[in-house]
Amino acid sequence: MQQGGNVERRTILKAAGASLAVAGLGATATACGGGSGSGDGTVTIRYSWWGADDRAERINKTIALFEKKYPKIKVKTDFQPYLDFWKKFNTQASGGNPPDVFQNAIGFLRKYDAKNVLLDLSEQVKAGNLSMDGFRAGLDKFGEIDGKLLGVPVGSNSMALVIDKPVYTRAGVTAEQGWTWDDFDEAMARIRDRTGRAGDSGMYGVMYLYDLYLRQHGKAFFTEDGLGFTEADLTEWWTKAEKGVKSGVYADPKKVAQIKPKSALSAELAGSEFTWDNFTVRYTSEGKSEYGLAPIPTTDGKKTGQYLGSLMLSASKRTQHPKEVAQFIHFMVHDPEVAKIMGYDRGVPATQAQYDAYQPTDPVNKAIAAYEESLVKAGVLEPITPHPGGADICESAFLRIAEELALGKRSVDEAVKQFFTESKTALAG
Amino acid sequence: MGSAVTHAPAREGLAEDSVPRSGPAHSPRPAASARRGRRENLAGYLFMSPWIAGFLLLTAGPMAASLYFAFTDYNLFDAPRWIGLDNFSEMFADPRWRHSVRITLWYVVIGTPVKLLAALGVALLLAQKRRGQAFYRAAFYAPSLIGASVSVAIVWKAIFSDDAIVDRTQKLFGIDAGGWTGDPDLIIYSLVALTVWQFGAPMVIFLAGLKQVPRELYEAADVDGAGKLRQFWNITLPMISPVLFFNVLLETIHSFQIFSSAYIVGGGAGGNACGPADGTMVYTCYLYVQGFENSRMGLASAMAWMLLVAVALVTAVLFWSQKRWVHYEEGGR
């Protein structure tokens, strides 16, 4: 510092340069949030979804196809596992910088609509950039809420009982369409006694299964703005759960907690598990056994309460390229080549054209196709109730509190009270 | 900034300068000196500007914002709505929040002393001259370098799982607990074990402290016939008490902020955020859940400020208590 003016001037310049660089970083960071068009009319849209590496591989292939067909549109992708996806999405969306188009599900439609995040795609349908024709089984209505088209289904799936086939065979249990809960309970005990393995992995925490059970009794988990069942209903469901855990017909919750994120079924802790039918694909790659699909037990031998669930593509209300986003969604749900690449990874393709384009050849995907076919034929499918805002928080509370109950940390009464308290807060918010 | 009339105000920043401070009458060219001083100041501020900008943008700004959010209902999407102290009253009424406070306090009260004991014990062993000393020091220090990483937490989870190495070892002794990470009461012990394993950083500080204890004291004690234990109690401990205080302070604050290990060992991306039946739902974990999973940023901000106040209080108590047990050498204060 004592060496004279020159040095100082240079240091000042350097320091100034450094601070300019910092300011510059700030400026580019802001610029990223803005438009993404460039001089030659090429636009870039951001597409994010949840899933894992194998899905990424398929999706990248479909995007390469899309970019070839629409050379003026570039697609930038981004993916995370399910829970992390929503954390990132929340942060981006609240910062005014959500992806232009993203994977979505029924539980989030109302929530993000209320927060003004979702683009009403019906304008784009009118403009001819996106067609809602050719969807199977009424799926075109799936993403419609209050007359707005908030999501376009890419595939359908339904709740099922995924079973470990050799275990069921060894126990001598056959699950048939129309079997009752009594039959089911008997089967669970039989599997435990004959194979030494718990029959089920912990159905008492699966919100979507409980929803079916309630529907069989003329109720539902959610109404449009709240819960569709009473404390007494849940007390009954969880009392049964407590007994089941103690008697060993449901898997040891301590062990189930430890093998996460692997499923109890593929880790051979249970003989079957209630979940979405397309999960059979995942279990097959995760576990060593052979997995199949069994129907949902019923109360009266007929009504299963089932509906089709679906993954959707939604667009951001803030997107600067609604037309291109609509074209992208159109391509993804209608192009037959896309179906050939994606298979049943996101459920059975939603449009007839894509459904026809992909004929499964492996036993697992064949079983899923047959299962969904059987549901349509049996005529058990009902319309779904769009979930109210806060439903996602209710779902995770349901899962968590059911686990606490199973681990003996709460009594049934405490668990039920806690769930209703937390749900009230979540659904009010 | 001061004017040229007063004595070289710029020197304020150079108080340690070897040039003795001179009054205005003796200053050869006060105006030029002041000009140079101003320039030096300017250079100083310019050099600091990246830091200042960073501090304002990344620390002070967010802190001020979070203080404001603490009194609002803010879900990230709608504009924050002022609700006064409602977040705080909701917090205190929430059994899950109280659970997270209990489990965090438990972790701090058990984990910190055990970790410090381990650090001091090993430091005492390593302070003696022996072969391969450098290797041992490095080996014991290594875990605290990698300790905060996600990969270590994942390995930890694997070690303490059902039918993994810890469970199998236990079974040899006839204890069948079925793995710690699935048990809401046991899983927190695996976190305590993880923090204790990372005793390297306080150990190095203890080592430095032990080096400072004058040899003559031990020699004198030897002459007086004091045993090793007595020497430790009456010489070593009082002499290293400032270092001990420093470690206690640092580790306590550190323990209050436990997050990544609880989040990963407890489950993380696998489903429930923090452990089976909230077994590792420490304070920051619950804060994270409220903020990022439930989108309740106002409540999360309130929780964050609550934690700050709590840590400040604990620190204040520790500082107050040091009068009773920390001995500084003459003039060392």
# chains A, B, ... in the order shown; residues from 1 in each chain; ligands from 1
>>> interface_residues(of="chain B", to="chain A", cutoff="6 Å", atoms="only C-alpha atoms", output="PyMOL selection string")
chain B and resi 43+46-47+50+76-77+181-183+270+277+292
>>> write_last_selection(atoms="N, CA, C and O atoms", output="short mmCIF file (atom, residue, chain, number, x, y, z; two decimals), in the first residue's frame")
data_model
loop_
_atom_site.label_atom_id
_atom_site.label_comp_id
_atom_site.auth_asym_id
_atom_site.auth_seq_id
_atom_site.Cartn_x
_atom_site.Cartn_y
_atom_site.Cartn_z
N ALA B 43 -10.15 2.69 -1.91
CA ALA B 43 -9.64 1.40 -2.37
C ALA B 43 -10.11 0.30 -1.44
O ALA B 43 -10.56 -0.76 -1.88
N LEU B 46 -13.65 -0.45 -2.05
CA LEU B 46 -13.83 -1.15 -3.32
C LEU B 46 -13.44 -2.61 -3.19
O LEU B 46 -14.10 -3.50 -3.71
N PHE B 47 -12.34 -2.82 -2.47
CA PHE B 47 -11.94 -4.21 -2.26
C PHE B 47 -12.99 -4.98 -1.49
O PHE B 47 -13.23 -6.15 -1.74
N PRO B 50 -17.25 -6.58 -3.01
CA PRO B 50 -17.90 -7.87 -3.29
C PRO B 50 -18.48 -8.48 -2.02
O PRO B 50 -19.59 -9.00 -2.02
N LEU B 76 -45.72 -18.49 -0.34
CA LEU B 76 -44.83 -18.39 -1.50
C LEU B 76 -45.53 -17.83 -2.72
O LEU B 76 -44.90 -17.27 -3.60
N PHE B 77 -46.83 -18.04 -2.83
CA PHE B 77 -47.52 -17.64 -4.05
C PHE B 77 -48.29 -16.34 -3.88
O PHE B 77 -48.18 -15.43 -4.69
N THR B 181 -32.46 -47.71 12.28
CA THR B 181 -33.08 -46.65 11.48
C THR B 181 -34.58 -46.84 11.27
O THR B 181 -35.25 -45.95 10.79
N GLY B 182 -35.10 -48.02 11.62
CA GLY B 182 -36.54 -48.21 11.48
C GLY B 182 -37.26 -47.98 12.79
O GLY B 182 -38.48 -48.02 12.86
N ASP B 183 -36.50 -47.74 13.85
CA ASP B 183 -37.10 -47.60 15.17
C ASP B 183 -37.11 -46.13 15.58
O ASP B 183 -36.06 -45.52 15.73
N GLY B 270 -36.99 -40.56 0.54
CA GLY B 270 -37.68 -41.83 0.51
C GLY B 270 -39.14 -41.80 0.90
O GLY B 270 -39.87 -42.72 0.66
N ALA B 277 -41.99 -42.22 12.13
CA ALA B 277 -42.73 -41.58 13.23
C ALA B 277 -41.97 -40.37 13.77
O ALA B 277 -41.88 -40.17 14.97
N PHE B 292 -40.81 -25.87 2.91
CA PHE B 292 -40.71 -26.33 1.53
C PHE B 292 -41.71 -27.40 1.16
O PHE B 292 -42.04 -27.56 0.00
#
>>> atom_distance(atom1="atom CA of Ala267 of chain A", atom2="atom CA of Lys171 of chain B")
21.3 Å
>>> residues_around(residues="Arg215 of chain A", least_positions_apart="4", cutoff="12 Å", atoms="only C-alpha atoms", output="list in words")
Tyr208, Leu209, Tyr210, Asp211, Lys219, Ala220, Phe221, Phe222, Thr223, Gly228, Phe229, Thr298, Thr299, Asp300, Lys303, Thr304, Gly305, Gln306, Tyr307, Val380, Leu381, Glu382, Pro383, Ile384 and Thr385 of chain A
>>> closest_residue(among="A:Tyr70, A:Phe419, A:Tyr47, A:Phe135", to="Ala350 of chain A", atoms="only C-alpha atoms")
A:Phe135
>>> residues_around(residues="Ala118 of chain B", least_positions_apart="4", cutoff="7 Å", atoms="only C-alpha atoms", output="JSON list (two decimals) with all heavy atoms, in the first residue's frame")
[["chain", "number", "residue", "atom", "x", "y", "z"],
["B", 114, "VAL", "N", -20.74, -35.88, 24.76],
["B", 114, "VAL", "CA", -20.07, -37.13, 24.39],
["B", 114, "VAL", "C", -19.02, -36.86, 23.33],
["B", 114, "VAL", "O", -17.89, -37.36, 23.38],
["B", 114, "VAL", "CB", -21.10, -38.17, 23.88],
["B", 114, "VAL", "CG1", -20.39, -39.43, 23.41],
["B", 114, "VAL", "CG2", -22.10, -38.52, 24.98],
["B", 122, "VAL", "N", -9.10, -38.36, 23.01],
["B", 122, "VAL", "CA", -8.17, -38.69, 21.94],
["B", 122, "VAL", "C", -7.07, -37.63, 21.85],
["B", 122, "VAL", "O", -5.90, -37.96, 21.60],
["B", 122, "VAL", "CB", -8.92, -38.84, 20.60],
["B", 122, "VAL", "CG1", -7.94, -39.10, 19.46],
["B", 122, "VAL", "CG2", -9.92, -39.98, 20.69],
["B", 199, "PHE", "N", -15.48, -36.10, 15.75],
["B", 199, "PHE", "CA", -14.91, -35.26, 16.80],
["B", 199, "PHE", "C", -13.60, -34.60, 16.39],
["B", 199, "PHE", "O", -12.98, -33.91, 17.19],
["B", 199, "PHE", "CB", -14.72, -36.08, 18.10],
["B", 199, "PHE", "CG", -13.74, -37.20, 17.96],
["B", 199, "PHE", "CD1", -12.38, -36.95, 17.87],
["B", 199, "PHE", "CD2", -14.17, -38.53, 17.93],
["B", 199, "PHE", "CE1", -11.47, -37.98, 17.73],
["B", 199, "PHE", "CE2", -13.26, -39.56, 17.80],
["B", 199, "PHE", "CZ", -11.91, -39.29, 17.69]]
>>> atom_distance(atom1="atom CA of Leu214 of chain A", atom2="atom CA of Lys377 of chain A")
22.7 Å
>>> residues_around(residues="segment 90-101 of chain B", least_positions_apart="4", cutoff="8 Å", atoms="only C-alpha atoms", output="list of chain:residue names")
B:Asp86, B:Leu105, B:Met281, B:Val282, B:Tyr283, B:Tyr286, B:Leu299, B:Met303
>>> write_last_selection(atoms="C-alpha atoms", output="short mmCIF file (atom, residue, chain, number, x, y, z; two decimals), in the first residue's frame")
data_model
loop_
_atom_site.label_atom_id
_atom_site.label_comp_id
_atom_site.auth_asym_id
_atom_site.auth_seq_id
_atom_site.Cartn_x
_atom_site.Cartn_y
_atom_site.Cartn_z
CA ASP B 86 -50.13 -15.85 15.07
CA LEU B 105 -32.58 -30.47 22.95
CA MET B 281 -37.61 -34.70 13.30
CA VAL B 282 -35.12 -32.18 14.68
CA TYR B 283 -35.95 -28.51 14.69
CA TYR B 286 -39.46 -29.49 10.81
CA LEU B 299 -44.31 -20.05 9.83
CA MET B 303 -39.41 -20.92 13.52
#
>>> select_by_dssp(residues="segment 14-160 of chain A", states="alpha helix (DSSP H)", output="VMD selection string")
chain A and resid 14 to 32 53 to 69 82 to 94 106 to 114 122 to 126
>>> residues_around(residues="segment 233-242 of chain B", least_positions_apart="4", cutoff="9 Å", atoms="only C-alpha atoms", output="list of chain:residue names")
B:Phe206, B:Gly209, B:Leu210, B:Gln212, B:Val213, B:Pro214, B:Leu217, B:Tyr218, B:Ala221, B:Lys228, B:Leu229, B:Phe246, B:Asn247, B:Gln322, B:Trp325, B:Val326, B:His327, B:Tyr328, B:Glu329
>>> write_last_selection(atoms="N, CA, C and O atoms", output="short mmCIF file (atom, residue, chain, number, x, y, z; two decimals), in the first residue's frame")
data_model
loop_
_atom_site.label_atom_id
_atom_site.label_comp_id
_atom_site.auth_asym_id
_atom_site.auth_seq_id
_atom_site.Cartn_x
_atom_site.Cartn_y
_atom_site.Cartn_z
N PHE B 206 -8.36 -28.91 20.83
CA PHE B 206 -7.86 -29.37 22.14
C PHE B 206 -6.35 -29.61 22.09
O PHE B 206 -5.61 -29.26 23.01
N GLY B 209 -4.57 -26.51 22.38
CA GLY B 209 -4.66 -26.04 23.76
C GLY B 209 -3.70 -26.77 24.67
O GLY B 209 -3.01 -26.18 25.51
N LEU B 210 -3.62 -28.09 24.49
CA LEU B 210 -2.75 -28.90 25.34
C LEU B 210 -1.28 -28.52 25.17
O LEU B 210 -0.49 -28.57 26.09
N GLN B 212 -0.20 -25.66 24.76
CA GLN B 212 0.06 -24.38 25.40
C GLN B 212 0.32 -24.52 26.90
O GLN B 212 0.76 -23.57 27.54
N VAL B 213 -0.02 -25.68 27.45
CA VAL B 213 0.16 -25.83 28.90
C VAL B 213 1.65 -25.91 29.21
O VAL B 213 2.34 -26.78 28.68
N PRO B 214 2.18 -25.02 30.08
CA PRO B 214 3.62 -25.00 30.35
C PRO B 214 4.08 -26.30 31.01
O PRO B 214 3.45 -26.78 31.95
N LEU B 217 4.72 -26.72 34.95
CA LEU B 217 3.65 -27.02 35.91
C LEU B 217 3.63 -28.51 36.24
O LEU B 217 3.47 -28.92 37.38
N TYR B 218 3.76 -29.34 35.17
CA TYR B 218 3.75 -30.78 35.41
C TYR B 218 4.98 -31.20 36.18
O TYR B 218 4.93 -32.07 37.06
N ALA B 221 4.49 -30.43 39.65
CA ALA B 221 3.52 -31.34 40.25
C ALA B 221 4.16 -32.69 40.52
O ALA B 221 3.88 -33.33 41.53
N LYS B 228 -1.15 -38.72 38.00
CA LYS B 228 -1.56 -38.28 36.66
C LYS B 228 -2.97 -37.69 36.67
O LYS B 228 -3.25 -36.68 36.03
N LEU B 229 -3.85 -38.37 37.40
CA LEU B 229 -5.23 -37.93 37.42
C LEU B 229 -5.33 -36.55 38.06
O LEU B 229 -6.02 -35.65 37.57
N PHE B 246 -14.40 -22.61 24.31
CA PHE B 246 -14.57 -22.35 22.89
C PHE B 246 -15.24 -23.54 22.19
O PHE B 246 -16.19 -23.39 21.42
N ASN B 247 -14.76 -24.74 22.50
CA ASN B 247 -15.32 -25.94 21.88
C ASN B 247 -16.76 -26.18 22.29
O ASN B 247 -17.60 -26.54 21.47
N GLN B 322 -19.08 -18.88 32.18
CA GLN B 322 -17.62 -19.07 32.05
C GLN B 322 -16.86 -18.43 33.20
O GLN B 322 -15.76 -18.85 33.55
N TRP B 325 -15.92 -21.12 35.62
CA TRP B 325 -15.07 -22.29 35.34
C TRP B 325 -13.99 -22.08 34.30
O TRP B 325 -13.18 -22.96 34.07
N VAL B 326 -13.97 -20.93 33.68
CA VAL B 326 -12.91 -20.73 32.68
C VAL B 326 -11.82 -19.87 33.27
O VAL B 326 -12.09 -18.80 33.81
N HIS B 327 -10.58 -20.36 33.22
CA HIS B 327 -9.46 -19.62 33.78
C HIS B 327 -8.57 -19.08 32.68
O HIS B 327 -8.08 -19.84 31.85
N TYR B 328 -8.43 -17.76 32.67
CA TYR B 328 -7.53 -17.17 31.70
C TYR B 328 -6.24 -16.83 32.42
O TYR B 328 -6.25 -16.41 33.57
N GLU B 329 -5.12 -16.97 31.72
CA GLU B 329 -3.85 -16.58 32.31
C GLU B 329 -3.81 -15.08 32.49
O GLU B 329 -4.53 -14.35 31.81
#
>>> atom_distance(atom1="atom CA of Gly111 of chain B", atom2="atom CA of Val192 of chain B")
5.2 Å
>>> closest_residue(among="A:Tyr213, A:Phe331, A:Trp276, A:Phe420", to="Glu395 of chain A", atoms="only C-alpha atoms")
A:Phe420
>>> decode(residues="segment 138-213 of chain B", atoms="C-alpha atoms", output="mmCIF file, in the first residue's frame")
data_model
loop_
_atom_site.group_PDB
_atom_site.id
_atom_site.type_symbol
_atom_site.label_atom_id
_atom_site.label_comp_id
_atom_site.auth_asym_id
_atom_site.auth_seq_id
_atom_site.Cartn_x
_atom_site.Cartn_y
_atom_site.Cartn_z
ATOM 1 C CA ALA B 138 -4.889 -37.082 10.298
ATOM 2 C CA ALA B 139 -6.901 -40.268 10.620
ATOM 3 C CA PHE B 140 -8.954 -38.945 13.523
ATOM 4 C CA TYR B 141 -9.445 -35.600 11.884
ATOM 5 C CA ALA B 142 -10.560 -36.969 8.536
ATOM 6 C CA PRO B 143 -14.174 -37.789 9.488
ATOM 7 C CA SER B 144 -14.929 -34.205 10.404
ATOM 8 C CA LEU B 145 -13.776 -33.095 6.969
ATOM 9 C CA ILE B 146 -16.220 -35.333 5.167
ATOM 10 C CA GLY B 147 -18.735 -35.535 7.986
ATOM 11 C CA ALA B 148 -21.293 -33.093 6.706
ATOM 12 C CA SER B 149 -21.546 -34.748 3.334
ATOM 13 C CA VAL B 150 -24.650 -36.471 2.120
ATOM 14 C CA SER B 151 -22.720 -39.574 1.117
ATOM 15 C CA VAL B 152 -21.557 -40.195 4.669
ATOM 16 C CA ALA B 153 -25.129 -39.894 5.897
ATOM 17 C CA ILE B 154 -26.202 -42.455 3.321
ATOM 18 C CA VAL B 155 -23.450 -44.827 4.393
ATOM 19 C CA TRP B 156 -24.482 -44.242 8.003
ATOM 20 C CA LYS B 157 -28.028 -45.183 7.200
ATOM 21 C CA ALA B 158 -26.803 -48.390 5.595
ATOM 22 C CA ILE B 159 -24.633 -49.247 8.609
ATOM 23 C CA PHE B 160 -27.488 -48.913 11.076
ATOM 24 C CA SER B 161 -30.205 -50.563 9.003
ATOM 25 C CA ASP B 162 -31.931 -53.854 9.601
ATOM 26 C CA ASP B 163 -29.566 -56.786 9.165
ATOM 27 C CA ALA B 164 -26.597 -54.490 8.487
ATOM 28 C CA ILE B 165 -23.326 -54.510 10.363
ATOM 29 C CA VAL B 166 -24.508 -52.886 13.605
ATOM 30 C CA ASP B 167 -27.615 -55.046 13.795
ATOM 31 C CA ARG B 168 -25.610 -58.215 13.160
ATOM 32 C CA THR B 169 -23.023 -57.304 15.756
ATOM 33 C CA GLN B 170 -25.800 -56.710 18.259
ATOM 34 C CA LYS B 171 -27.264 -60.089 17.469
ATOM 35 C CA LEU B 172 -23.934 -61.709 18.384
ATOM 36 C CA PHE B 173 -24.572 -60.355 21.868
ATOM 37 C CA GLY B 174 -28.107 -61.604 21.838
ATOM 38 C CA ILE B 175 -29.756 -58.228 21.330
ATOM 39 C CA ASP B 176 -32.264 -58.248 18.517
ATOM 40 C CA ALA B 177 -33.372 -54.670 17.939
ATOM 41 C CA GLY B 178 -33.973 -55.104 14.231
ATOM 42 C CA GLY B 179 -31.919 -52.163 13.002
ATOM 43 C CA TRP B 180 -31.851 -48.663 14.418
ATOM 44 C CA THR B 181 -33.076 -46.651 11.477
ATOM 45 C CA GLY B 182 -36.541 -48.213 11.476
ATOM 46 C CA ASP B 183 -37.098 -47.600 15.165
ATOM 47 C CA PRO B 184 -38.383 -44.136 16.043
ATOM 48 C CA ASP B 185 -36.739 -44.343 19.487
ATOM 49 C CA LEU B 186 -33.376 -45.697 18.404
ATOM 50 C CA ILE B 187 -32.718 -43.792 15.200
ATOM 51 C CA ILE B 188 -31.662 -40.638 17.039
ATOM 52 C CA TYR B 189 -28.820 -42.603 18.651
ATOM 53 C CA SER B 190 -27.396 -43.286 15.232
ATOM 54 C CA LEU B 191 -27.293 -39.509 14.687
ATOM 55 C CA VAL B 192 -25.527 -39.040 18.013
ATOM 56 C CA ALA B 193 -23.035 -41.691 16.946
ATOM 57 C CA LEU B 194 -22.521 -39.855 13.678
ATOM 58 C CA THR B 195 -21.747 -36.543 15.366
ATOM 59 C CA VAL B 196 -19.460 -38.197 17.914
ATOM 60 C CA TRP B 197 -17.565 -39.891 15.094
ATOM 61 C CA GLN B 198 -16.817 -36.426 13.729
ATOM 62 C CA PHE B 199 -14.913 -35.262 16.796
ATOM 63 C CA GLY B 200 -11.852 -34.325 14.728
ATOM 64 C CA ALA B 201 -12.342 -30.570 14.620
ATOM 65 C CA PRO B 202 -12.660 -30.014 18.397
ATOM 66 C CA MET B 203 -9.876 -32.559 18.873
ATOM 67 C CA VAL B 204 -7.454 -30.441 16.859
ATOM 68 C CA ILE B 205 -8.381 -27.398 18.923
ATOM 69 C CA PHE B 206 -7.860 -29.374 22.143
ATOM 70 C CA LEU B 207 -4.463 -30.497 20.841
ATOM 71 C CA ALA B 208 -3.474 -26.899 20.266
ATOM 72 C CA GLY B 209 -4.658 -26.038 23.763
ATOM 73 C CA LEU B 210 -2.749 -28.900 25.340
ATOM 74 C CA LYS B 211 0.434 -27.710 23.643
ATOM 75 C CA GLN B 212 0.062 -24.384 25.403
ATOM 76 C CA VAL B 213 0.160 -25.826 28.902
#
